[in-house]
>>> print(open('target-v5.txt').read())   # compact mmCIF, C-alpha atoms
# COMPACT_ATOMS: atom_id res chain seq x y z
CA MET P 1 -18.45 -34.40 -41.99
CA LYS P 2 -16.61 -31.70 -43.89
CA PRO P 3 -16.64 -28.13 -42.50
CA THR P 4 -18.30 -25.57 -44.72
CA ILE P 5 -18.31 -21.80 -45.06
CA ALA P 6 -21.78 -20.26 -45.06
CA HIS P 7 -21.34 -17.78 -47.90
CA GLU P 8 -18.92 -15.72 -49.90
CA LYS P 9 -17.70 -12.42 -48.46
CA ILE P 10 -15.93 -9.59 -50.23
CA LYS P 11 -14.53 -6.39 -48.74
CA LEU P 12 -12.54 -4.01 -50.93
CA TRP P 13 -11.22 -0.67 -49.68
CA ARG P 14 -8.56 2.03 -49.90
CA ILE P 15 -6.67 4.01 -47.25
CA PRO P 16 -6.66 7.73 -48.20
CA HIS P 17 -3.17 8.51 -46.88
CA LEU P 18 -1.63 5.34 -48.36
CA VAL P 19 -1.89 6.26 -52.01
CA ASN P 20 -1.70 3.75 -54.86
CA LEU P 21 -2.88 0.93 -52.60
CA GLU P 22 -6.05 -1.18 -52.58
CA LEU P 23 -6.91 -3.95 -50.12
CA LEU P 24 -9.18 -6.95 -50.46
CA LEU P 25 -10.47 -9.42 -47.90
CA ALA P 26 -12.46 -12.15 -49.60
CA THR P 27 -13.89 -15.61 -49.12
CA TYR P 28 -14.72 -17.40 -52.38
CA LEU P 29 -16.46 -20.75 -52.63
CA THR P 30 -17.18 -21.31 -56.31
CA GLN P 31 -15.52 -18.29 -57.89
CA THR P 32 -13.39 -18.97 -60.95
CA PHE P 33 -11.24 -16.16 -62.34
CA SER P 34 -10.56 -16.24 -66.06
CA ARG P 35 -7.03 -15.42 -67.20
CA HIS P 36 -6.29 -11.78 -66.47
CA SER P 37 -3.49 -9.50 -65.33
CA HIS P 38 -3.14 -6.50 -63.03
CA GLU P 39 -1.63 -3.11 -63.71
CA GLY P 40 0.20 -3.33 -60.40
CA PHE P 41 1.48 -6.01 -58.03
CA ALA P 42 -1.01 -8.43 -56.45
CA ILE P 43 0.36 -9.81 -53.18
CA GLY P 44 -1.58 -11.67 -50.52
CA VAL P 45 -1.71 -14.49 -48.02
CA ILE P 46 -4.17 -17.38 -47.80
CA GLU P 47 -6.05 -17.67 -44.51
CA ARG P 48 -8.27 -20.68 -45.21
CA GLY P 49 -8.84 -23.28 -47.91
CA ALA P 50 -6.56 -23.17 -50.93
CA LEU P 51 -6.17 -21.05 -54.06
CA GLY P 52 -5.18 -22.70 -57.31
CA PHE P 53 -3.87 -20.72 -60.27
CA SER P 54 -1.78 -20.99 -63.42
CA TYR P 55 1.04 -18.46 -63.62
CA ARG P 56 4.19 -18.11 -65.73
CA GLY P 57 3.73 -21.51 -67.35
CA ALA P 58 3.15 -23.51 -64.15
CA LYS P 59 0.23 -24.55 -61.97
CA HIS P 60 0.33 -23.48 -58.33
CA VAL P 61 -1.63 -24.19 -55.17
CA ALA P 62 -1.43 -21.78 -52.25
CA PRO P 63 -2.66 -23.29 -48.94
CA PRO P 64 -3.11 -21.43 -45.63
CA GLY P 65 -0.12 -19.37 -44.51
CA VAL P 66 1.36 -19.20 -48.00
CA ILE P 67 1.89 -16.03 -50.05
CA ASN P 68 0.49 -15.68 -53.55
CA LEU P 69 2.02 -13.08 -55.86
CA ALA P 70 1.60 -11.75 -59.39
CA ASN P 71 3.81 -9.20 -61.17
CA PRO P 72 2.21 -6.37 -63.18
CA GLY P 73 1.05 -7.56 -66.60
CA GLU P 74 1.56 -11.28 -65.84
CA ALA P 75 -1.55 -13.24 -66.85
CA HIS P 76 -3.00 -15.75 -64.38
CA ASN P 77 -6.30 -17.34 -63.46
CA GLY P 78 -7.74 -18.42 -60.11
CA TYR P 79 -9.94 -21.16 -58.70
CA ALA P 80 -10.71 -23.07 -55.52
CA ALA P 81 -8.25 -25.89 -54.81
CA SER P 82 -10.15 -26.97 -51.70
CA ASP P 83 -13.70 -27.96 -50.77
CA LEU P 84 -13.64 -24.91 -48.50
CA GLY P 85 -12.95 -22.54 -51.37
CA TRP P 86 -10.40 -20.01 -50.17
CA THR P 87 -10.09 -16.94 -47.97
CA TYR P 88 -7.28 -14.49 -48.56
CA ARG P 89 -6.04 -11.02 -47.72
CA MET P 90 -4.71 -9.15 -50.74
CA PHE P 91 -2.67 -6.01 -51.38
CA TYR P 92 -2.93 -4.43 -54.83
CA LEU P 93 0.04 -2.10 -55.20
CA ASP P 94 1.03 0.44 -57.83
CA PRO P 95 4.45 -0.56 -59.26
CA VAL P 96 5.87 2.76 -58.05
CA LEU P 97 5.53 1.57 -54.44
CA LEU P 98 7.79 -1.44 -55.07
CA GLN P 99 10.18 0.70 -57.10
CA GLN P 100 10.43 3.14 -54.20
CA ALA P 101 11.02 0.27 -51.77
CA ALA P 102 13.82 -1.14 -53.95
CA SER P 103 15.38 2.33 -54.25
CA GLU P 104 15.18 2.81 -50.48
CA VAL P 105 17.10 -0.42 -49.90
CA LEU P 106 19.86 0.48 -52.35
CA GLY P 107 20.02 4.17 -51.54
CA ARG P 108 19.70 5.08 -55.21
CA THR P 109 17.06 5.00 -57.96
CA LYS P 110 16.18 1.46 -58.98
CA ASP P 111 13.90 -0.04 -61.63
CA ILE P 112 10.67 -1.81 -60.72
CA PRO P 113 11.66 -5.15 -59.12
CA PHE P 114 10.59 -8.49 -60.57
CA PHE P 115 9.62 -11.63 -58.65
CA GLN P 116 9.95 -15.08 -60.21
CA ALA P 117 7.79 -17.00 -57.76
CA GLY P 118 3.99 -17.04 -57.85
CA VAL P 119 3.87 -18.85 -54.50
CA ILE P 120 6.19 -18.05 -51.59
CA GLN P 121 6.48 -20.16 -48.45
CA ASP P 122 7.81 -17.74 -45.86
CA SER P 123 5.99 -17.73 -42.54
CA TYR P 124 7.66 -14.53 -41.35
CA LEU P 125 6.76 -12.53 -44.45
CA ALA P 126 3.28 -14.06 -44.56
CA GLY P 127 2.81 -12.95 -40.97
CA LEU P 128 3.85 -9.40 -41.87
CA ILE P 129 1.35 -9.31 -44.73
CA ARG P 130 -1.53 -10.64 -42.65
CA HIS P 131 -0.78 -8.49 -39.61
CA LEU P 132 -0.54 -5.26 -41.62
CA HIS P 133 -3.72 -6.12 -43.54
CA ILE P 134 -5.61 -6.57 -40.27
CA ILE P 135 -4.21 -3.30 -38.91
CA LEU P 136 -5.35 -1.45 -42.03
CA GLU P 137 -8.77 -3.09 -41.83
CA LYS P 138 -9.29 -1.88 -38.24
CA SER P 139 -8.01 1.63 -39.11
CA GLU P 140 -7.04 2.54 -35.54
CA ALA P 141 -3.24 2.44 -35.78
CA PRO P 142 -1.48 5.83 -36.13
CA VAL P 143 -0.62 6.94 -39.67
CA LEU P 144 3.07 6.70 -38.77
CA GLU P 145 2.66 3.02 -37.88
CA GLN P 146 0.69 2.23 -41.04
CA GLU P 147 3.28 3.92 -43.28
CA SER P 148 6.22 2.36 -41.46
CA ARG P 149 4.84 -1.16 -41.49
CA LEU P 150 3.98 -0.92 -45.19
CA LEU P 151 7.50 0.28 -46.04
CA TYR P 152 9.04 -2.48 -43.92
CA LEU P 153 6.87 -5.13 -45.56
CA LEU P 154 7.74 -4.01 -49.09
CA THR P 155 11.46 -3.71 -48.40
CA GLN P 156 11.49 -7.20 -46.85
CA LEU P 157 9.74 -8.58 -49.92
CA VAL P 158 12.31 -6.91 -52.19
CA ILE P 159 15.32 -7.99 -50.11
CA ARG P 160 14.19 -11.61 -49.84
CA TYR P 161 12.62 -12.38 -53.22
CA ALA P 162 13.29 -9.78 -55.93
CA ASP P 163 15.19 -11.07 -58.96
CA ASP P 164 18.11 -8.76 -58.26
CA ARG P 165 19.71 -9.46 -54.89
CA PHE P 166 19.65 -6.44 -52.62
CA ARG P 167 22.16 -5.85 -49.86
CA LEU P 168 21.37 -3.55 -46.97
CA ARG P 169 23.69 -0.63 -46.42
CA PRO P 170 25.39 -0.52 -43.02
CA VAL P 171 23.58 1.55 -40.41
CA GLY P 172 25.73 4.43 -39.23
CA LYS P 173 25.32 6.74 -36.26
CA GLU P 174 22.74 9.46 -36.81
CA ASN P 175 22.48 10.67 -33.21
CA GLN P 176 21.39 14.21 -34.00
CA SER P 177 18.71 13.06 -36.45
CA VAL P 178 17.38 10.50 -33.98
CA LYS P 179 17.28 13.16 -31.24
CA LYS P 180 15.26 15.46 -33.51
CA ILE P 181 12.76 12.67 -34.18
CA ARG P 182 12.44 11.82 -30.49
CA ASP P 183 11.97 15.46 -29.54
CA TYR P 184 9.31 15.93 -32.21
CA ILE P 185 7.38 12.81 -31.16
CA GLU P 186 7.57 13.75 -27.47
CA THR P 187 6.21 17.23 -28.27
CA HIS P 188 3.55 16.30 -30.84
CA TYR P 189 2.49 12.85 -29.56
CA ALA P 190 -1.23 13.76 -29.47
CA GLU P 191 -1.18 14.71 -33.16
CA GLU P 192 -1.27 12.51 -36.27
CA ILE P 193 2.42 12.24 -37.14
CA SER P 194 3.38 10.99 -40.60
CA LEU P 195 6.59 9.42 -41.85
CA LYS P 196 6.92 12.29 -44.33
CA GLN P 197 7.08 14.77 -41.45
CA LEU P 198 9.86 12.84 -39.75
CA VAL P 199 11.78 12.55 -43.02
CA LEU P 200 11.78 16.34 -43.38
CA ILE P 201 12.87 16.81 -39.77
CA ALA P 202 15.68 14.24 -39.87
CA ASN P 203 16.75 14.76 -43.50
CA LEU P 204 16.95 10.98 -44.00
CA SER P 205 15.18 8.63 -46.39
CA PRO P 206 12.15 6.82 -44.84
CA PHE P 207 13.78 3.38 -44.81
CA HIS P 208 17.11 4.63 -43.46
CA LEU P 209 15.32 6.77 -40.86
CA ILE P 210 13.47 3.77 -39.44
CA ARG P 211 16.63 1.65 -39.41
CA VAL P 212 18.84 4.19 -37.64
CA PHE P 213 16.12 5.06 -35.13
CA ARG P 214 15.53 1.40 -34.30
CA ASN P 215 19.26 0.75 -34.09
CA GLU P 216 19.74 3.53 -31.54
CA VAL P 217 16.45 3.48 -29.58
CA GLY P 218 15.64 -0.22 -29.84
CA ILE P 219 12.19 0.25 -31.35
CA PRO P 220 10.93 1.93 -34.55
CA PRO P 221 9.45 5.46 -34.47
CA HIS P 222 5.81 4.31 -34.51
CA ALA P 223 6.39 2.08 -31.47
CA TYR P 224 8.13 4.97 -29.72
CA LEU P 225 5.10 7.16 -30.45
CA THR P 226 2.79 4.60 -28.82
CA GLN P 227 5.13 4.34 -25.83
CA VAL P 228 5.15 8.11 -25.35
CA ARG P 229 1.35 8.21 -25.58
CA VAL P 230 0.98 5.43 -23.02
CA ASN P 231 3.43 7.13 -20.63
CA ARG P 232 1.53 10.40 -20.92
CA ALA P 233 -1.78 8.57 -20.42
CA ARG P 234 -0.42 7.00 -17.27
CA ALA P 235 0.52 10.42 -15.90
CA LEU P 236 -2.96 11.81 -16.60
CA LEU P 237 -4.64 8.77 -15.03
CA ALA P 238 -2.51 9.30 -11.92
CA GLU P 239 -3.93 12.84 -11.75
CA GLY P 240 -7.45 11.41 -11.76
CA TRP P 241 -8.44 12.08 -15.36
CA PRO P 242 -11.25 9.83 -16.73
CA GLY P 243 -10.19 7.22 -19.29
CA ALA P 244 -12.22 8.61 -22.22
CA LEU P 245 -10.70 12.07 -21.83
CA VAL P 246 -7.21 10.60 -21.42
CA ALA P 247 -7.62 8.69 -24.69
CA HIS P 248 -8.62 11.88 -26.49
CA GLU P 249 -5.80 13.95 -25.00
CA THR P 250 -3.09 11.41 -25.85
CA GLY P 251 -3.96 10.70 -29.47
CA PHE P 252 -5.71 7.33 -29.22
CA VAL P 253 -8.74 6.57 -31.40
CA ASP P 254 -10.96 5.89 -28.40
CA GLN P 255 -10.89 4.49 -24.87
CA SER P 256 -10.81 0.85 -26.00
CA HIS P 257 -7.80 1.60 -28.20
CA LEU P 258 -6.06 3.20 -25.22
CA THR P 259 -6.90 0.17 -23.08
CA ARG P 260 -5.41 -2.32 -25.56
CA GLN P 261 -2.18 -0.38 -26.07
CA PHE P 262 -1.82 0.46 -22.38
CA LYS P 263 -2.14 -3.18 -21.32
CA ARG P 264 0.21 -4.35 -24.07
CA ILE P 265 2.98 -2.08 -22.75
CA MET P 266 2.22 -1.81 -19.04
CA GLY P 267 0.76 -5.27 -18.35
CA PHE P 268 -2.42 -3.88 -16.78
CA THR P 269 -5.37 -1.80 -17.98
CA PRO P 270 -5.93 1.94 -17.42
CA GLY P 271 -8.87 1.03 -15.19
CA GLN P 272 -6.73 -1.21 -13.02
CA TYR P 273 -4.09 1.51 -12.78
CA SER P 274 -6.64 4.18 -11.85
CA LYS P 275 -8.08 1.91 -9.17
CA SER P 276 -4.64 1.26 -7.67
CA ILE P 277 -4.01 5.02 -7.50
CA GLN P 278 -7.36 5.57 -5.80
CA ASP P 279 -6.71 2.76 -3.32
CA LEU P 280 -3.36 4.33 -2.36
CA SER P 281 -4.99 7.70 -1.73
CA VAL P 282 -7.62 6.31 0.65
>>> encode(input="target-v5.txt", output="structure tokens")
Amino acid sequence: MKPTIAHEKIKLWRIPHLVNLELLLATYLTQTFSRHSHEGFAIGVIERGALGFSYRGAKHVAPPGVINLANPGEAHNGYAASDLGWTYRMFYLDPVLLQQAASEVLGRTKDIPFFQAGVIQDSYLAGLIRHLHIILEKSEAPVLEQESRLLYLLTQLVIRYADDRFRLRPVGKENQSVKKIRDYIETHYAEEISLKQLVLIANLSPFHLIRVFRNEVGIPPHAYLTQVRVNRARALLAEGWPGALVAHETGFVDQSHLTRQFKRIMGFTPGQYSKSIQDLSV
């Protein structure tokens, strides 16, 4: 007996602070797209079933875990290539975003990149696409993390698959810039920090900033922000603060968000930590 999907689902949205970007999460059963093109890049990953489409003179099938891609202005269609239809997570990106990513990699202004392949089999890149899409759907990650992950995803796409081969510049020592970023994060951890703010503070390009910070600290700025927040939360919990108030004071969306991030870094929940502190004081 073949498994079936109950009905089609479509969710389309935008993130206000990530301009020129639309996201789609859709399950299609019988949908057939006539030949059309997009003004920007269409990049996604198949989660279930299979998408069939004709693109650049060839027929393609994208099964689960595979990336489907269309350049601006390139006509293509779309149809179910499986009895299950298909479920995919899509990014629709203004060409300027990919141009900026290509320019970041080279360290100088670059034209809009071009990608030959309509289907890409790259489990690492597919994982980046899916993971970021889920993060943006939940809308609880800090702005800094959303911006950083998007930039990393786009630069990886450019480096790996753009028509022109891009070579990364060597990462030099930027100790003073990294110190400024760390100091700012440690002082303003409860606020919504953006990548643009850190760029102004460090006087580095976004891509180079993330690379030099990670090279020196071992983690990117957004992960450092989460670590600082968790450390501060732990200190407040040790003082007897309630979890909901701790979450608010340390910049987390809510108590459940604090709990997930706290356990991911510490290995135990805020509740378990608070209880251990109380037990020691008895």
>>> residues_around(input="target-v5.txt", residues="Glu22 of chain P", least_positions_apart="6", cutoff="12 Å", atoms="all atoms listed in the file", output="PyMOL selection string")
chain P and resi 11-16+40-44+89-94+133+136-137
>>> closest_residue(input="target-v5.txt", among="P:Arg35, P:Arg130, P:Lys9, P:Arg211", to="Ser177 of chain P", atoms="only C-alpha atoms")
P:Arg211
>>> residues_around(input="target-v5.txt", residues="Ile67 of chain P", least_positions_apart="4", cutoff="8 Å", atoms="only C-alpha atoms", output="PDB file with C-alpha atoms, in the coordinates of the input")
ATOM      1  CA  ILE P  43       0.360  -9.810 -53.180  1.00  0.00           C
ATOM      2  CA  GLY P  44      -1.580 -11.670 -50.520  1.00  0.00           C
ATOM      3  CA  VAL P  45      -1.710 -14.490 -48.020  1.00  0.00           C
ATOM      4  CA  ILE P  46      -4.170 -17.380 -47.800  1.00  0.00           C
ATOM      5  CA  ALA P  62      -1.430 -21.780 -52.250  1.00  0.00           C
ATOM      6  CA  VAL P 119       3.870 -18.850 -54.500  1.00  0.00           C
ATOM      7  CA  ILE P 120       6.190 -18.050 -51.590  1.00  0.00           C
ATOM      8  CA  GLN P 121       6.480 -20.160 -48.450  1.00  0.00           C
ATOM      9  CA  ASP P 122       7.810 -17.740 -45.860  1.00  0.00           C
ATOM     10  CA  ALA P 126       3.280 -14.060 -44.560  1.00  0.00           C
TER      11      ALA P 126
END
>>> residues_around(input="target-v5.txt", residues="segment 100-114 of chain P", least_positions_apart="5", cutoff="6 Å", atoms="only C-alpha atoms", output="PyMOL selection string")
chain P and resi 155+162-163+207
>>> write_last_selection(input="target-v5.txt", atoms="C-alpha atoms", output="mmCIF file, in the coordinates of the input")
data_model
loop_
_atom_site.group_PDB
_atom_site.id
_atom_site.type_symbol
_atom_site.label_atom_id
_atom_site.label_comp_id
_atom_site.auth_asym_id
_atom_site.auth_seq_id
_atom_site.Cartn_x
_atom_site.Cartn_y
_atom_site.Cartn_z
ATOM 1 C CA THR P 155 11.460 -3.710 -48.400
ATOM 2 C CA ALA P 162 13.290 -9.780 -55.930
ATOM 3 C CA ASP P 163 15.190 -11.070 -58.960
ATOM 4 C CA PHE P 207 13.780 3.380 -44.810
#
>>> residues_around(input="target-v5.txt", residues="segment 222-233 of chain P", least_positions_apart="3", cutoff="7 Å", atoms="only C-alpha atoms", output="list of chain:residue names")
P:Leu144, P:Glu145, P:Ile185, P:Glu186, P:Tyr189, P:Ile219, P:Leu236, P:Leu237, P:Val246, P:Thr250, P:Phe262
>>> closest_residue(input="target-v5.txt", among="P:Tyr79, P:Gly218, P:Ala141, P:Val212", to="Leu258 of chain P", atoms="only C-alpha atoms")
P:Ala141
>>> atom_distance(input="target-v5.txt", atom1="atom CA of Gln278 of chain P", atom2="atom CA of Gly251 of chain P")
24.5 Å
>>> atom_distance(input="target-v5.txt", atom1="atom CA of Ala80 of chain P", atom2="atom CA of Ser37 of chain P")
18.2 Å
>>> atom_distance(input="target-v5.txt", atom1="atom CA of Leu198 of chain P", atom2="atom CA of Leu23 of chain P")
25.9 Å
>>> closest_residue(input="target-v5.txt", among="P:Val217, P:Leu151, P:Leu157, P:Ala70", to="Val178 of chain P", atoms="all atoms listed in the file")
P:Val217
>>> axis_aligned_box(input="target-v5.txt", around="segment 248-255 of chain P", padding_each_side="4 Å", output="lines of an AutoDock Vina configuration file")
center_x = -7.0
center_y = 9.2
center_z = -28.1
size_x = 15.9
size_y = 17.5
size_z = 14.5
>>> closest_residue(input="target-v5.txt", among="P:Val61, P:Ile277, P:Leu29, P:Leu209", to="Ala238 of chain P", atoms="only C-alpha atoms")
P:Ile277
>>> closest_residue(input="target-v5.txt", among="P:Gly127, P:Gly243, P:Gly118, P:Pro95", to="Pro64 of chain P", atoms="only C-alpha atoms")
P:Gly127
>>> closest_residue(input="target-v5.txt", among="P:Leu98, P:Ala117, P:Leu84, P:Ala235", to="Tyr55 of chain P", atoms="only C-alpha atoms")
P:Ala117
>>> decode(input="target-v5.txt", residues="segment 118-177 of chain P", atoms="C-alpha atoms", output="PDB file, in the first residue's frame")
ATOM      1  CA  GLY P 118      19.436  22.928 -12.374  1.00  0.00           C
ATOM      2  CA  VAL P 119      19.914  20.037  -9.946  1.00  0.00           C
ATOM      3  CA  ILE P 120      22.762  19.842  -7.427  1.00  0.00           C
ATOM      4  CA  GLN P 121      23.590  16.767  -5.373  1.00  0.00           C
ATOM      5  CA  ASP P 122      25.442  18.150  -2.379  1.00  0.00           C
ATOM      6  CA  SER P 123      24.282  16.878   0.998  1.00  0.00           C
ATOM      7  CA  TYR P 124      26.222  19.518   2.938  1.00  0.00           C
ATOM      8  CA  LEU P 125      24.806  22.450   0.984  1.00  0.00           C
ATOM      9  CA  ALA P 126      21.324  20.899   0.975  1.00  0.00           C
ATOM     10  CA  GLY P 127      21.573  20.625   4.750  1.00  0.00           C
ATOM     11  CA  LEU P 128      22.512  24.305   5.018  1.00  0.00           C
ATOM     12  CA  ILE P 129      19.514  25.296   2.899  1.00  0.00           C
ATOM     13  CA  ARG P 130      17.045  23.178   4.848  1.00  0.00           C
ATOM     14  CA  HIS P 131      18.411  24.127   8.266  1.00  0.00           C
ATOM     15  CA  LEU P 132      18.340  27.865   7.552  1.00  0.00           C
ATOM     16  CA  HIS P 133      14.834  27.612   6.077  1.00  0.00           C
ATOM     17  CA  ILE P 134      13.588  25.924   9.256  1.00  0.00           C
ATOM     18  CA  ILE P 135      15.304  28.550  11.421  1.00  0.00           C
ATOM     19  CA  LEU P 136      13.634  31.341   9.449  1.00  0.00           C
ATOM     20  CA  GLU P 137      10.276  29.579   9.672  1.00  0.00           C
ATOM     21  CA  LYS P 138      10.478  29.394  13.486  1.00  0.00           C
ATOM     22  CA  SER P 139      11.649  33.043  13.720  1.00  0.00           C
ATOM     23  CA  GLU P 140      13.304  32.650  17.127  1.00  0.00           C
ATOM     24  CA  ALA P 141      16.981  32.825  16.177  1.00  0.00           C
ATOM     25  CA  PRO P 142      18.728  36.190  16.748  1.00  0.00           C
ATOM     26  CA  VAL P 143      18.930  38.539  13.764  1.00  0.00           C
ATOM     27  CA  LEU P 144      22.715  38.159  13.811  1.00  0.00           C
ATOM     28  CA  GLU P 145      22.387  34.393  13.368  1.00  0.00           C
ATOM     29  CA  GLN P 146      19.841  34.697  10.566  1.00  0.00           C
ATOM     30  CA  GLU P 147      21.994  37.197   8.651  1.00  0.00           C
ATOM     31  CA  SER P 148      25.196  35.234   9.204  1.00  0.00           C
ATOM     32  CA  ARG P 149      23.743  31.897   8.157  1.00  0.00           C
ATOM     33  CA  LEU P 150      22.211  33.408   5.018  1.00  0.00           C
ATOM     34  CA  LEU P 151      25.530  34.996   4.033  1.00  0.00           C
ATOM     35  CA  TYR P 152      27.381  31.731   4.679  1.00  0.00           C
ATOM     36  CA  LEU P 153      24.873  29.754   2.628  1.00  0.00           C
ATOM     37  CA  LEU P 154      25.089  32.102  -0.351  1.00  0.00           C
ATOM     38  CA  THR P 155      28.881  32.306  -0.305  1.00  0.00           C
ATOM     39  CA  GLN P 156      29.121  28.504  -0.149  1.00  0.00           C
ATOM     40  CA  LEU P 157      26.780  28.238  -3.137  1.00  0.00           C
ATOM     41  CA  VAL P 158      28.922  30.729  -5.077  1.00  0.00           C
ATOM     42  CA  ILE P 159      32.239  29.114  -4.132  1.00  0.00           C
ATOM     43  CA  ARG P 160      31.091  25.589  -4.984  1.00  0.00           C
ATOM     44  CA  TYR P 161      28.899  26.013  -8.059  1.00  0.00           C
ATOM     45  CA  ALA P 162      29.106  29.442  -9.722  1.00  0.00           C
ATOM     46  CA  ASP P 163      30.364  29.416 -13.304  1.00  0.00           C
ATOM     47  CA  ASP P 164      33.421  31.460 -12.370  1.00  0.00           C
ATOM     48  CA  ARG P 165      35.611  29.671  -9.835  1.00  0.00           C
ATOM     49  CA  PHE P 166      36.050  31.662  -6.661  1.00  0.00           C
ATOM     50  CA  ARG P 167      39.047  31.343  -4.392  1.00  0.00           C
ATOM     51  CA  LEU P 168      38.876  32.410  -0.769  1.00  0.00           C
ATOM     52  CA  ARG P 169      41.328  35.044   0.359  1.00  0.00           C
ATOM     53  CA  PRO P 170      43.650  33.998   3.189  1.00  0.00           C
ATOM     54  CA  VAL P 171      42.414  34.908   6.651  1.00  0.00           C
ATOM     55  CA  GLY P 172      44.815  37.269   8.373  1.00  0.00           C
ATOM     56  CA  LYS P 173      45.032  38.335  12.001  1.00  0.00           C
ATOM     57  CA  GLU P 174      42.460  40.951  12.958  1.00  0.00           C
ATOM     58  CA  ASN P 175      42.917  40.779  16.735  1.00  0.00           C
ATOM     59  CA  GLN P 176      41.773  44.303  17.494  1.00  0.00           C
ATOM     60  CA  SER P 177      38.655  43.990  15.337  1.00  0.00           C
TER      61      SER P 177
END
